[in-house]
Structures are given as structure tokens and as C-alpha cells.
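Student: I'm passing along input-v7.txt; it holds compact mmCIF, C-alpha atoms.
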# COMPACT_ATOMS: atom_id res chain seq x y z
CA MET Z 1 2.25 -3.12 -15.95
CA GLU Z 2 0.37 -6.13 -14.62
CA GLY Z 3 3.08 -8.35 -16.15
CA VAL Z 4 5.89 -6.49 -14.39
CA GLU Z 5 4.11 -6.74 -11.04
CA ARG Z 6 3.71 -10.52 -11.39
CA LEU Z 7 7.33 -10.82 -12.45
CA PHE Z 8 8.44 -8.77 -9.46
CA GLU Z 9 6.39 -10.85 -7.04
CA ARG Z 10 8.00 -14.04 -8.39
CA MET Z 11 11.43 -12.41 -8.23
CA VAL Z 12 10.98 -11.50 -4.56
CA ARG Z 13 9.76 -14.95 -3.58
CA GLU Z 14 12.47 -16.73 -5.55
CA HIS Z 15 15.49 -14.62 -4.60
CA GLN Z 16 14.63 -13.32 -1.12
CA HIS Z 17 16.93 -15.75 0.74
CA ARG Z 18 19.86 -15.25 -1.59
CA VAL Z 19 19.61 -11.46 -1.45
CA PHE Z 20 19.26 -11.60 2.33
CA ALA Z 21 22.37 -13.82 2.50
CA VAL Z 22 24.36 -11.33 0.41
CA GLY Z 23 23.26 -8.57 2.77
CA PHE Z 24 24.22 -10.64 5.80
CA ALA Z 25 27.67 -11.51 4.47
CA LEU Z 26 28.34 -7.90 3.50
CA THR Z 27 27.01 -6.16 6.62
CA GLY Z 28 27.68 -8.75 9.31
CA ASN Z 29 24.31 -8.62 11.05
CA ARG Z 30 20.73 -9.63 10.48
CA HIS Z 31 19.13 -6.29 11.06
CA ASP Z 32 21.19 -4.52 8.40
CA ALA Z 33 20.89 -7.55 6.16
CA GLU Z 34 17.12 -7.23 6.15
CA GLU Z 35 17.31 -3.51 5.42
CA VAL Z 36 19.75 -4.13 2.59
CA ALA Z 37 17.57 -6.88 1.15
CA GLN Z 38 14.49 -4.70 1.35
CA ASP Z 39 16.26 -1.71 -0.26
CA THR Z 40 17.60 -3.99 -2.97
CA PHE Z 41 14.13 -5.14 -3.95
CA LEU Z 42 12.71 -1.61 -3.76
CA ARG Z 43 15.38 -0.41 -6.15
CA ALA Z 44 14.76 -3.38 -8.39
CA TYR Z 45 11.05 -2.56 -8.42
CA ARG Z 46 11.65 1.07 -9.36
CA ALA Z 47 14.15 0.07 -12.05
CA LEU Z 48 11.78 -2.49 -13.58
CA ALA Z 49 9.12 0.19 -13.90
CA THR Z 50 11.42 2.18 -16.19
CA TYR Z 51 12.85 -0.71 -18.26
CA PRO Z 52 11.57 -1.44 -21.75
CA PRO Z 53 10.04 -4.94 -22.18
CA GLU Z 54 13.07 -6.35 -24.09
CA ARG Z 55 15.39 -5.41 -21.29
CA ILE Z 56 13.16 -7.05 -18.71
CA ARG Z 57 12.88 -10.18 -20.81
CA ASP Z 58 16.67 -10.51 -21.20
CA LEU Z 59 17.40 -9.65 -17.58
CA LYS Z 60 19.64 -12.08 -15.69
CA GLN Z 61 17.92 -11.68 -12.36
CA ARG Z 62 20.56 -13.22 -10.08
CA PRO Z 63 23.62 -11.15 -11.09
CA TRP Z 64 21.41 -8.09 -11.47
CA LEU Z 65 20.10 -8.35 -7.90
CA HIS Z 66 23.63 -9.05 -6.59
CA ARG Z 67 24.86 -5.93 -8.22
CA ILE Z 68 22.06 -3.84 -6.76
CA ALA Z 69 22.70 -5.33 -3.29
CA VAL Z 70 26.40 -4.47 -3.48
CA ASN Z 71 25.54 -0.91 -4.45
CA VAL Z 72 23.03 -0.60 -1.63
CA VAL Z 73 25.69 -1.68 0.87
CA ARG Z 74 28.24 0.71 -0.66
CA ASN Z 75 25.82 3.62 -0.40
CA ARG Z 76 24.97 2.80 3.20
CA ALA Z 77 28.66 2.55 4.08
CA ARG Z 78 29.11 6.14 2.99
CA GLY Z 79 26.70 7.18 5.71
CA ALA Z 80 27.61 4.94 8.63
CA LYS Z 81 30.14 2.37 9.78
CA PRO Z 82 28.83 -1.18 9.56
CA ARG Z 83 27.45 -2.42 12.84
CA THR Z 84 29.11 -5.69 13.64
CA ALA Z 85 27.81 -6.32 17.14
CA GLU Z 86 24.56 -8.14 17.82
CA LEU Z 87 26.07 -11.55 18.51
CA ASN Z 88 23.14 -12.50 20.70
CA GLY Z 89 20.48 -10.90 18.56
CA SER Z 90 16.89 -10.89 19.68
CA GLU Z 91 15.03 -11.50 16.44
CA SER Z 92 13.55 -14.79 15.38
CA ASP Z 93 15.85 -17.72 14.89
CA ASN Z 94 14.20 -18.66 11.64
CA ALA Z 95 17.10 -17.25 9.68
CA LEU Z 96 18.67 -20.68 9.99
CA GLY Z 97 17.38 -24.13 9.30
CA PRO Z 98 16.20 -26.03 12.35
CA GLU Z 99 19.29 -28.21 12.73
CA SER Z 100 21.87 -27.30 15.41
CA ARG Z 101 20.52 -23.80 15.33
CA ALA Z 102 22.26 -22.14 18.25
CA LEU Z 103 25.77 -23.30 17.41
CA GLN Z 104 25.42 -22.58 13.72
CA ARG Z 105 23.91 -19.22 14.41
CA ALA Z 106 26.81 -18.17 16.61
CA GLU Z 107 29.35 -19.43 14.08
CA MET Z 108 27.63 -17.66 11.21
CA ASP Z 109 27.40 -14.42 13.15
CA GLU Z 110 31.06 -14.67 14.09
CA LEU Z 111 32.15 -15.28 10.53
CA ALA Z 112 29.91 -12.54 9.14
CA CYS Z 113 31.40 -10.25 11.76
CA ARG Z 114 34.90 -11.03 10.59
CA LEU Z 115 33.85 -10.47 6.99
CA ALA Z 116 32.34 -7.13 7.94
CA GLY Z 117 35.71 -6.18 9.40
CA LEU Z 118 37.39 -6.47 5.99
CA PRO Z 119 37.82 -3.38 3.86
CA PRO Z 120 34.83 -3.18 1.48
CA ARG Z 121 36.76 -3.96 -1.72
CA TYR Z 122 38.03 -7.28 -0.31
CA ARG Z 123 34.76 -8.08 1.41
CA GLU Z 124 32.63 -7.69 -1.74
CA ALA Z 125 35.00 -9.84 -3.78
CA VAL Z 126 35.22 -12.62 -1.17
CA VAL Z 127 31.46 -12.68 -0.56
CA LEU Z 128 30.49 -12.98 -4.20
CA ARG Z 129 33.28 -15.45 -5.09
CA HIS Z 130 33.25 -17.74 -2.07
CA VAL Z 131 29.92 -17.27 -0.31
CA HIS Z 132 27.84 -17.16 -3.46
CA GLU Z 133 30.30 -19.13 -5.61
CA MET Z 134 30.10 -16.91 -8.62
CA SER Z 135 32.82 -17.19 -11.26
CA TYR Z 136 35.51 -14.52 -11.38
CA GLU Z 137 33.91 -13.20 -14.56
CA GLU Z 138 30.50 -12.92 -12.90
CA VAL Z 139 32.00 -11.19 -9.88
CA ALA Z 140 33.89 -8.80 -12.14
CA GLU Z 141 30.64 -7.95 -13.91
CA ALA Z 142 28.65 -7.53 -10.70
CA LEU Z 143 31.31 -5.27 -9.17
CA ASP Z 144 32.12 -3.48 -12.39
CA GLN Z 145 35.84 -4.23 -11.99
CA PRO Z 146 38.49 -5.98 -14.14
CA VAL Z 147 38.86 -9.74 -13.53
CA GLY Z 148 42.48 -9.31 -12.41
CA THR Z 149 41.48 -6.83 -9.72
CA VAL Z 150 38.78 -9.18 -8.47
CA LYS Z 151 41.24 -12.09 -8.29
CA SER Z 152 43.76 -10.15 -6.27
CA ASN Z 153 41.04 -8.71 -3.97
CA VAL Z 154 39.69 -12.20 -3.29
CA HIS Z 155 43.19 -13.43 -2.56
CA ARG Z 156 44.01 -10.62 -0.16
CA GLY Z 157 40.63 -10.85 1.50
CA LEU Z 158 41.04 -14.55 2.21
CA LYS Z 159 44.51 -13.94 3.54
CA LEU Z 160 43.19 -11.33 5.97
CA LEU Z 161 40.38 -13.64 7.10
CA ARG Z 162 42.82 -16.47 7.74
CA GLY Z 163 45.08 -14.14 9.63
CA GLY Z 164 42.40 -13.91 12.32
CA ASP Z 165 41.38 -10.92 14.36
CA HIS Z 166 44.90 -9.79 15.18
CA ASP Z 167 45.73 -8.81 11.64
CA ARG Z 168 42.54 -6.90 10.94
CA VAL Z 169 43.24 -4.12 8.50
CA ASP Z 170 41.33 -0.89 8.50
CA ASP Z 171 40.39 0.60 5.21
CA MET L 172 42.04 -23.10 4.14
CA THR L 173 39.30 -25.44 2.93
CA ALA L 174 37.61 -25.03 6.32
CA LEU L 175 37.41 -21.31 5.69
CA MET L 176 35.98 -21.90 2.21
CA THR L 177 33.38 -24.30 3.62
CA ASP L 178 32.41 -21.81 6.31
CA LEU L 179 32.08 -19.01 3.80
CA LYS L 180 29.91 -21.15 1.60
CA ARG L 181 27.65 -21.93 4.53
CA LEU L 182 26.86 -18.24 4.83
CA SER L 183 24.94 -18.53 1.58
CA SER L 184 22.41 -20.81 3.26
CA MET L 185 21.04 -17.90 5.33
CA ARG L 186 17.31 -17.54 5.02
CA ALA L 187 15.37 -14.30 5.02
CA PRO L 188 13.13 -13.87 8.09
CA ASP L 189 9.50 -15.00 7.97
CA GLY L 190 7.21 -12.59 6.18
CA PHE L 191 10.07 -10.83 4.42
CA ALA L 192 8.63 -11.23 0.90
CA GLU L 193 5.23 -9.95 2.08
CA ARG L 194 6.87 -6.92 3.69
CA VAL L 195 8.63 -6.09 0.42
CA LEU L 196 5.38 -6.45 -1.53
CA ILE L 197 3.63 -4.23 1.03
CA GLU L 198 6.39 -1.65 0.72
CA VAL L 199 5.87 -1.28 -3.03
CA GLY L 200 2.08 -1.30 -2.73
CA MET L 201 1.60 -4.75 -4.25
CA ALA L 202 0.16 -6.21 -1.07
CA ASP L 203 -2.17 -4.68 1.52
CA SER L 204 -2.31 -4.86 5.29
CA TYR L 205 -5.47 -4.98 7.35
CA ALA L 206 -6.73 -4.74 10.90
CA ARG L 207 -10.06 -4.59 12.73
CA PHE L 208 -11.20 -1.31 14.24
CA GLY L 209 -13.94 -0.60 16.74
CA THR L 210 -15.99 2.35 15.40
CA VAL L 211 -19.34 4.07 15.84
CA LEU L 212 -20.55 1.60 13.21
CA GLY L 213 -19.29 -1.40 15.21
CA ASN L 214 -16.32 -3.47 14.15
CA VAL L 215 -15.01 -2.56 10.73
CA TYR L 216 -12.18 -4.34 8.93
CA VAL L 217 -10.01 -1.84 7.07
CA ALA L 218 -7.27 -2.62 4.52
CA TRP L 219 -4.56 -0.15 3.59
CA ASN L 220 -1.33 0.12 1.63
CA ARG L 221 1.20 2.86 0.96
CA PHE L 222 -1.25 4.70 -1.31
CA GLY L 223 -3.98 4.87 1.31
CA VAL L 224 -7.01 2.97 2.54
CA SER L 225 -8.02 0.39 -0.04
CA ALA L 226 -11.03 -1.45 1.37
CA ALA L 227 -13.43 -1.63 4.28
CA ALA L 228 -16.16 -4.04 5.32
CA ARG L 229 -18.16 -4.99 8.40
CA SER L 230 -17.21 -8.64 8.01
CA ALA L 231 -18.13 -11.17 10.68
CA SER L 232 -14.57 -12.50 10.87
CA ALA L 233 -11.05 -11.92 9.60
CA ALA L 234 -11.40 -14.95 7.31
CA GLU L 235 -14.58 -13.51 5.79
CA PHE L 236 -12.85 -10.18 5.18
CA GLU L 237 -9.84 -11.89 3.58
CA ASP L 238 -12.13 -13.88 1.28
CA TRP L 239 -14.04 -10.81 0.22
CA PHE L 240 -10.85 -8.80 -0.32
CA GLY L 241 -9.33 -11.62 -2.39
CA GLN L 242 -12.34 -11.65 -4.70
CA ASP L 243 -12.93 -7.93 -4.82
CA VAL L 244 -9.41 -6.46 -4.87
CA GLY L 245 -7.23 -9.50 -5.55
CA ARG L 246 -3.92 -8.39 -4.01
CA PRO L 247 -2.08 -10.36 -1.28
CA LEU L 248 -3.43 -9.33 2.15
CA VAL L 249 -1.62 -9.57 5.48
CA ALA L 250 -2.95 -8.88 8.99
CA ALA L 251 -0.79 -6.18 10.57
CA GLU L 252 -0.42 -3.54 13.25
CA PRO L 253 -2.00 -0.37 11.82
CA PRO L 254 0.03 2.84 11.45
CA ALA L 255 -0.22 5.02 14.56
CA ASP L 256 -2.62 7.58 13.05
CA LEU L 257 -5.01 5.25 11.24
CA ALA L 258 -7.47 4.66 14.10
CA GLU L 259 -7.76 8.42 14.56
CA LYS L 260 -8.28 8.97 10.83
CA ILE L 261 -11.02 6.35 10.82
CA ALA L 262 -12.80 8.10 13.70
CA ASP L 263 -12.34 11.52 12.04
CA GLU L 264 -13.64 10.30 8.72
CA LEU L 265 -16.79 8.81 10.26
CA ASN L 266 -17.27 12.12 12.06
CA GLY L 267 -17.25 14.07 8.83
CA LYS L 268 -13.63 15.27 8.93
CA ARG L 269 -11.87 14.35 5.72
CA THR L 270 -8.30 13.29 6.42
CA MET L 271 -8.03 9.93 4.72
CA ARG L 272 -6.20 9.03 1.54
CA PHE L 273 -7.66 6.28 -0.64
CA ASP L 274 -6.18 3.77 -3.04
CA LEU L 275 -8.59 3.37 -5.95
CA ARG L 276 -6.19 1.58 -8.30
CA GLY L 277 -7.89 -1.32 -10.02
CA LEU L 278 -11.13 0.59 -10.51
CA THR L 279 -12.09 2.05 -13.88
CA GLU L 280 -11.80 5.78 -14.46
CA PHE L 281 -15.57 6.06 -14.37
CA GLU L 282 -15.79 4.22 -11.05
CA GLN L 283 -13.06 6.42 -9.61
CA ALA L 284 -14.87 9.58 -10.75
CA VAL L 285 -18.11 8.37 -9.14
CA LEU L 286 -16.38 7.60 -5.85
CA ARG L 287 -14.44 10.86 -5.76
CA LYS L 288 -17.59 12.86 -6.38
CA THR L 289 -19.49 10.88 -3.76
CA TYR L 290 -16.70 11.60 -1.27
CA GLN L 291 -17.60 15.30 -1.54
CA ILE L 292 -21.14 14.85 -0.18
CA PRO L 293 -21.09 16.28 3.36
CA ARG L 294 -22.12 14.29 6.41
CA GLY L 295 -25.82 14.76 7.18
CA GLU L 296 -26.75 15.31 3.54
CA VAL L 297 -27.84 13.12 0.63
CA ARG L 298 -27.81 13.47 -3.15
CA PRO L 299 -29.63 11.60 -5.91
CA TYR L 300 -27.83 9.16 -8.23
CA GLY L 301 -28.57 11.53 -11.09
CA TRP L 302 -26.66 14.31 -9.31
CA VAL L 303 -23.48 12.22 -9.24
CA ALA L 304 -23.95 11.36 -12.93
CA ARG L 305 -24.44 15.00 -13.90
CA GLU L 306 -21.57 16.26 -11.75
CA ILE L 307 -19.08 13.88 -13.39
CA ARG L 308 -20.41 14.94 -16.81
CA ARG L 309 -22.03 11.61 -17.58
CA PRO L 310 -25.69 12.66 -17.11
CA ALA L 311 -27.08 9.59 -18.86
CA ALA L 312 -25.05 7.11 -16.82
CA VAL L 313 -27.36 7.06 -13.77
CA ARG L 314 -27.60 3.27 -13.63
CA ALA L 315 -23.86 2.89 -14.07
CA VAL L 316 -23.41 5.25 -11.13
CA GLY L 317 -25.60 2.92 -9.08
CA THR L 318 -23.50 -0.07 -10.09
CA ALA L 319 -20.24 1.73 -9.32
CA LEU L 320 -21.52 2.68 -5.88
CA ALA L 321 -22.77 -0.84 -5.21
CA ASN L 322 -19.21 -2.05 -5.88
CA ASN L 323 -17.61 0.64 -3.72
CA PRO L 324 -14.69 -1.19 -2.01
CA ILE L 325 -14.48 1.45 0.76
CA PRO L 326 -18.05 1.97 2.05
CA TYR L 327 -18.62 4.15 5.16
CA PHE L 328 -15.47 6.16 4.33
CA ILE L 329 -16.44 6.90 0.74
CA PRO L 330 -20.05 7.58 1.70
CA CYS L 331 -22.06 5.75 -0.94
CA HIS L 332 -24.85 5.63 1.65
CA ARG L 333 -25.35 9.38 1.00
CA VAL L 334 -26.55 8.71 -2.54
CA VAL L 335 -30.28 7.93 -2.65
CA ARG L 336 -33.13 7.50 -5.10
CA THR L 337 -35.32 10.50 -5.91
CA ASP L 338 -38.57 8.52 -5.55
CA GLY L 339 -38.17 8.12 -1.79
CA GLU L 340 -36.96 4.54 -1.91
CA ILE L 341 -33.78 4.30 0.06
CA GLY L 342 -32.00 2.31 -2.66
CA ASN L 343 -29.62 -0.59 -2.48
CA TYR L 344 -26.62 -0.58 -0.24
CA GLY L 345 -23.51 -2.71 -0.57
CA GLY L 346 -22.56 -1.93 3.02
CA GLY L 347 -25.37 -3.98 4.58
CA GLY L 348 -28.68 -3.46 2.72
CA PRO L 349 -31.28 -0.64 2.83
CA GLU L 350 -31.81 -0.92 6.62
CA ALA L 351 -28.10 -0.38 7.29
CA LYS L 352 -28.11 2.56 4.89
CA LYS L 353 -31.04 4.12 6.74
CA ALA L 354 -29.38 3.53 10.10
CA ILE L 355 -26.12 5.17 9.05
CA LEU L 356 -27.91 8.18 7.54
CA THR L 357 -29.97 8.58 10.71
CA MET L 358 -26.80 8.43 12.78
CA GLU L 359 -25.38 11.19 10.59
CA GLY L 360 -28.35 13.41 11.34
CA VAL L 361 -30.46 12.91 8.21
CA ARG L 362 -34.21 12.84 8.93
CA VAL L 363 -34.77 9.87 6.68
CA ASN L 364 -38.52 9.45 7.21
CA ARG L 365 -39.24 13.10 6.46
CA LEU L 366 -37.03 12.91 3.40
CA GLN L 367 -38.91 9.84 2.16
CA GLU L 368 -42.28 11.55 2.70
CA LEU L 369 -41.17 14.59 0.72
CA ALA L 370 -39.84 12.40 -2.07
CA ARG L 371 -43.02 10.36 -2.25
CA ALA L 372 -45.02 13.58 -2.50
CA GLY L 373 -42.90 14.47 -5.53
CA VAL L 374 -40.93 17.21 -3.76
CA ARG L 375 -37.35 17.48 -4.99
CA TYR L 376 -36.16 20.84 -3.74
CA GLN L 377 -36.54 23.31 -0.96
CA GLY L 378 -36.80 26.95 -2.01
CA VAL L 379 -36.31 29.85 0.37
CA LYS L 380 -38.50 32.86 -0.46
CA THR L 381 -36.19 35.45 1.07
CA THR L 382 -33.06 34.35 -0.80
CA LYS L 383 -34.76 33.05 -3.94
CA ILE L 384 -32.43 30.02 -3.87
CA PHE L 385 -33.45 26.38 -4.18
CA CYS L 386 -31.50 23.49 -2.62
CA TYR L 387 -31.68 19.77 -2.06
CA PRO L 388 -33.77 19.29 1.10
CA THR L 389 -30.73 18.18 3.14
CA CYS L 390 -28.37 20.98 2.02
CA HIS L 391 -26.86 22.64 5.08
CA THR L 392 -27.16 26.14 3.60
CA GLY L 393 -30.97 25.94 3.68
CA ARG L 394 -31.16 24.35 7.12
CA HIS L 395 -31.81 27.50 9.12
CA ALA L 396 -34.54 29.01 6.95
CA LEU L 397 -37.71 29.86 8.83
CA GLU L 398 -40.59 27.49 8.17
CA LYS L 399 -42.76 30.36 6.82
CA ASN L 400 -40.15 31.20 4.17
CA ILE L 401 -39.83 27.66 2.78
CA VAL L 402 -41.48 26.62 -0.50
CA TRP L 403 -41.42 22.98 -1.64
CA LEU L 404 -40.59 22.64 -5.32
CA HIS L 405 -41.22 19.71 -7.65
CA ASP L 406 -38.83 20.31 -10.49
CA GLU L 407 -36.19 22.62 -11.82
CA ALA L 408 -38.34 24.28 -14.48
CA SER L 409 -41.06 25.40 -12.05
CA ALA L 410 -38.42 26.50 -9.54
CA ARG L 411 -36.77 28.73 -12.12
CA ALA L 412 -40.15 29.93 -13.33
CA ALA L 413 -40.94 31.02 -9.78
CA GLY L 414 -37.73 33.07 -9.77
CA PHE L 415 -35.47 30.70 -7.81
CA ARG L 416 -31.87 29.97 -8.77
CA PRO L 417 -30.02 26.77 -7.89
CA CYS L 418 -27.82 26.74 -4.77
CA LYS L 419 -24.12 26.97 -5.59
CA VAL L 420 -23.20 24.65 -2.74
CA CYS L 421 -25.43 21.59 -3.23
CA ARG L 422 -25.85 22.28 -6.95
CA PRO L 423 -29.34 20.82 -7.49
CA ALA L 424 -29.14 21.91 -11.13
CA ALA L 425 -26.45 23.15 -13.46
CA VAL L 426 -25.54 26.63 -12.29
CA ALA L 427 -25.84 29.00 -15.23
Let's see the structure in the file written out as C-alpha cells.

Tutor:
Amino acid sequence: MEGVERLFERMVREHQHRVFAVGFALTGNRHDAEEVAQDTFLRAYRALATYPPERIRDLKQRPWLHRIAVNVVRNRARGAKPRTAELNGSESDNALGPESRALQRAEMDELACRLAGLPPRYREAVVLRHVHEMSYEEVAEALDQPVGTVKSNVHRGLKLLRGGDHDRVDD
Amino acid sequence: MTALMTDLKRLSSMRAPDGFAERVLIEVGMADSYARFGTVLGNVYVAWNRFGVSAAARSASAAEFEDWFGQDVGRPLVAAEPPADLAEKIADELNGKRTMRFDLRGLTEFEQAVLRKTYQIPRGEVRPYGWVAREIRRPAAVRAVGTALANNPIPYFIPCHRVVRTDGEIGNYGGGGPEAKKAILTMEGVRVNRLQELARAGVRYQGVKTTKIFCYPTCHTGRHALEKNIVWLHDEASARAAGFRPCKVCRPAAVA
């Protein structure tokens, strides 16, 4: 058990920013992103406690955590609509690097907002493929979908994003 | 098109807020929080996690408490705002009301048994080390009981100060030495000097003639006996020989 705890602590420290970024791109705001990231790690912790040692040893942590994060967002979406407001959020500005913080922050929030406006199936595909630059095969595995479906969802998602706010499609 | 791709990629450079990893570790119980509380015992640093209170000490500073916790418990520790009800629970607990949950992970089963048994000793009363050993069915492990209590990570709340030597010596105390132990017991209403005199005179139990029951001298059930009905007893055998049976509350001897 001691080994799993150490492993988990390293996993949190190593992947916290990436998991937070997935949450941000999928939910469109920092508050939900933090909740998603926290839930993701809690689920990971509970899962690790039940896994046999071989499974833990062979675990590919990055895709595994991505997959959990996507599921956390999906489950939340069932309960409530994503909140996409909070363009002048009040929390700390440390979410960004120090350089040109204000401008970048506004741009990031705006883009995340637009992403959050996409129907979930396009949003997930675009986020994993183009925000986190996973291969189509990795995305397919993380989303549990055929590669062809992922490709077409990415394509349509990008098209919607380029179309700007006027063409926003509701799910 | 490439601009969009570049923008999307930049989203991946988001960083989790400060303290995020620690908050996750706290959430699963792998890290503890702590704060300083003003109590009847003065300032006490208390650490807690989702399983309960995990440590307490009257450290001189936060740094000293963190050092001690690091050596004694070894989990990451973060200063934090305490949960709304913790201050009240701390006050209750020091007043003899038992409302607190404890996290004893990391201690051996024996140590946990010693601490749980010690937790049952009421405020205003004391028990010998040998009583704890007998009650947890390890009657020969009296010294080990002493060691376990000396390493109690949650003194004051798990009242190791209520376990004393039978020869009238007050015994060691991890929470600040024998003087501190005496002071806390006095505050709790134990007449320490009288207790020490009795012990030095070889008295172990108080018998009450009218009920034919013998107790530890501090047992609350014997507290209201009239002076003329009290007999001082030196050991279990003579108590039983004189027709007394052990009290079922303070359990000075195995109840037949």
C-alpha cells in the first residue's frame, strides 16, 4: 500500500497541470477545471487501490488520466450545463505563466469558452487531438470510439470553431 | 486555420493553481492540515485529515510543530483554515465530552489498542499502566504500554496523562514532562497530592463498606461515599478476602 501511495503522490505532482488543462479546455472555466482535475485524481486514487500490482506497473498514466478526466466531465454534464461565463474571474492569476498574463488569460478564457460551446462529442475530440496533441489512435482509445469517428468529430469540431460564434450548434 | 491550431495548443500550457497537488493529497488523506488553537491548556497545534485528528502538540512555533510532525508522522503537512466545528470539538474534548475522531494509521495494532483503551478513561480519573495492559489482554506488556503512551501523537485529546504509576510517582509524560502531567490532572479535578500519598502508603483501592465494592481511588462511582464507610485496601486478594468485589465501572480487577 505504501508503494501505491508514493506512486500516487508522484502522479499528482507530475500530471496536475496537464489534467487541469484538460479540465479547462473541456469545461471552459477555471473553477470547473479545478473540480474536474480534483475528481479525476480522486477517482484515480480509488482505482489504484483496487488494481493488482501488474496492472499498476503497466499503466500508461497519461492516457489513463485523460480518459478519467473525459469521463468526469461527461458525468458532470449529465447533471448541469457547463458554465462558460467567468471571463473576469477572481481567482489567482497563477494559472498562466508570468508573461503577458492579462492578455493571454483573456484569450485563453475566450477560446475555452468557445470550446465549451461545442457539442461534447466534438469538444472532446478537438481537445485531445489539438490541445493535447494526441494521435488519432490515442484519442480513439481515450474516448473509446473508432478512429474514423474521432477523425470526423475533430474535423466538424474545428469547422464549428472556425465558423465563429454565429454558427454555434447546440447539441 | 493554423492560427486556430496554435491557439488550441496554447490551451495545454494552462497550469493548475498553487497548492492544487497538496489539496488532492489532503482529500485522499495522504497529507494533513494543521492550525493553532487557543485552549484551556494554552496554544495547541492540532493536525487533522479526512480520517480525523492525527496529531497535537504544544509547540513553541509552527516550524517546531512541522518538524515534529515530519519526524513523528511523516506525511506532508499544510497550514490551513480548520473545519468549522473543529475548535468546538477541541474545547469539548478537553472538557470531557468525547466528540472527536482520530486517525491512528501508522501506529501498530498494539499502540492503537493502548490509545483506544486510554481514551476511555474519564476526565478526573486515573488508571495504572498495568490496568491498560490487562484491559487490552496483554497483562505482561506494562512497559510496552508506557512506551506506546510516551509516543502518543495526540496527547491531551487521547488522555495519556490519565495513566499513572501505582507507586505514587507521577510517571513520564510526552506532553511536557511530569509537572505538566500533574498540572493537567489537577485542572481536571484529580487531587494529585492525596493520590500520591495514598500510593506511597501502599493503598491501591478504595472499598465502600455499605456496598462491598472496591474501586480505584479516583473512580467516580465511589466519590460520594461517606468517609466513615471507606476502607483503604492494599491489594486485590485482601480486598476479596474482606468480602469486596471489584467495581464494574473502573474495573480494578478482572470481574468474575

Student: By how many Å are CA of Leu182 in chain L and CA of Glu9 in chain Z apart?

Tutor: 24.8 Å

Student: Residues of chain L within 6 Å of chain Z: nearest atom pair and distance (Å, one decimal) for each, counting all atoms listed in the file, sorted by chain and number, as JSON lines?

Tutor:
{"residue": "L:Leu179", "atom": "CA", "partner": "Z:Val131", "partner_atom": "CA", "distance": 5.0}
{"residue": "L:Lys180", "atom": "CA", "partner": "Z:Val131", "partner_atom": "CA", "distance": 4.3}
{"residue": "L:Ser183", "atom": "CA", "partner": "Z:Ala21", "partner_atom": "CA", "distance": 5.4}
{"residue": "L:Met185", "atom": "CA", "partner": "Z:Ala21", "partner_atom": "CA", "distance": 5.1}
{"residue": "L:Arg186", "atom": "CA", "partner": "Z:His17", "partner_atom": "CA", "distance": 4.7}
{"residue": "L:Ala187", "atom": "CA", "partner": "Z:His17", "partner_atom": "CA", "distance": 4.8}
{"residue": "L:Pro188", "atom": "CA", "partner": "Z:Ala95", "partner_atom": "CA", "distance": 5.5}
{"residue": "L:Ala192", "atom": "CA", "partner": "Z:Arg13", "partner_atom": "CA", "distance": 5.9}

Student: Considering all atoms listed in the file, return as a list in words whatever protein or nucleic-acid residues lie within 8 Å of Thr210 in chain L, sequence-local ones (same chain, fewer than 5 positions apart) excluded.

Tutor: Val215, Ile261 and Ala262 of chain L

Student: How many Å separate CA of Phe385 in chain L from CA of Tyr300 in chain L?

Tutor: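 Taking CA of Phe385 in chain L as the start and CA of Tyr300 in chain L as the end point, the length is 18.6 Å.
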
Student: Would you list the contacts of Arg121 in chain Z as a list in words, taking every protein, DNA or RNA residue within 10 Å and counting all atoms listed in the file, but skipping same-chain residues closer than 2 positions in sequence?

Tutor: Arg74, Leu118, Pro119, Arg123, Glu124, Ala125, Val126, Leu143, Thr149, Val150, Asn153, Val154, Arg156, Gly157 and Asp171 of chain Z

Student: Hey, which of L:Ser409, L:Asn364, L:Asn322, L:Thr389 ends up closest to Pro299 in chain L? Count only C-alpha atoms.

Tutor: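 Distance minimum relative to Pro299 in chain L lands on L:Thr389.
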
Student: At what distance in Å, to one decimal, does CA of Ala351 in chain L lie from CA of Val335 in chain L?

Tutor: 13.1 Å

Student: Name the residues within 7 Å of (-9.9, 7.1, 3.4), counting all atoms listed in the file in the file's coordinates, and put them as number ranges by chain.

Tutor: L: 223-224, 271-273, 328

Student: L:Ala396, L:Ala315, L:Ala231, L:Val334: which is nearest Trp302 in chain L, counting all atoms listed in the file?

Tutor: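 Closest candidate: L:Val334.
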
Student: Find, counting only C-alpha atoms, the residue in L:Val211, L:Met201, L:Leu257, L:Ala174 that gets nearest to Val244 in chain L.

Tutor: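 Ranked by minimum distance to Val244 in chain L, first place goes to L:Met201.
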
Student: If we draw a sphere of 6 Å around (-25.9, 10.7, 4.0), which residues have at least one atom in it when counting all atoms listed in the file? Please report them as a PyMOL selection string.

Tutor: chain L and resi 294-297+332-333+356
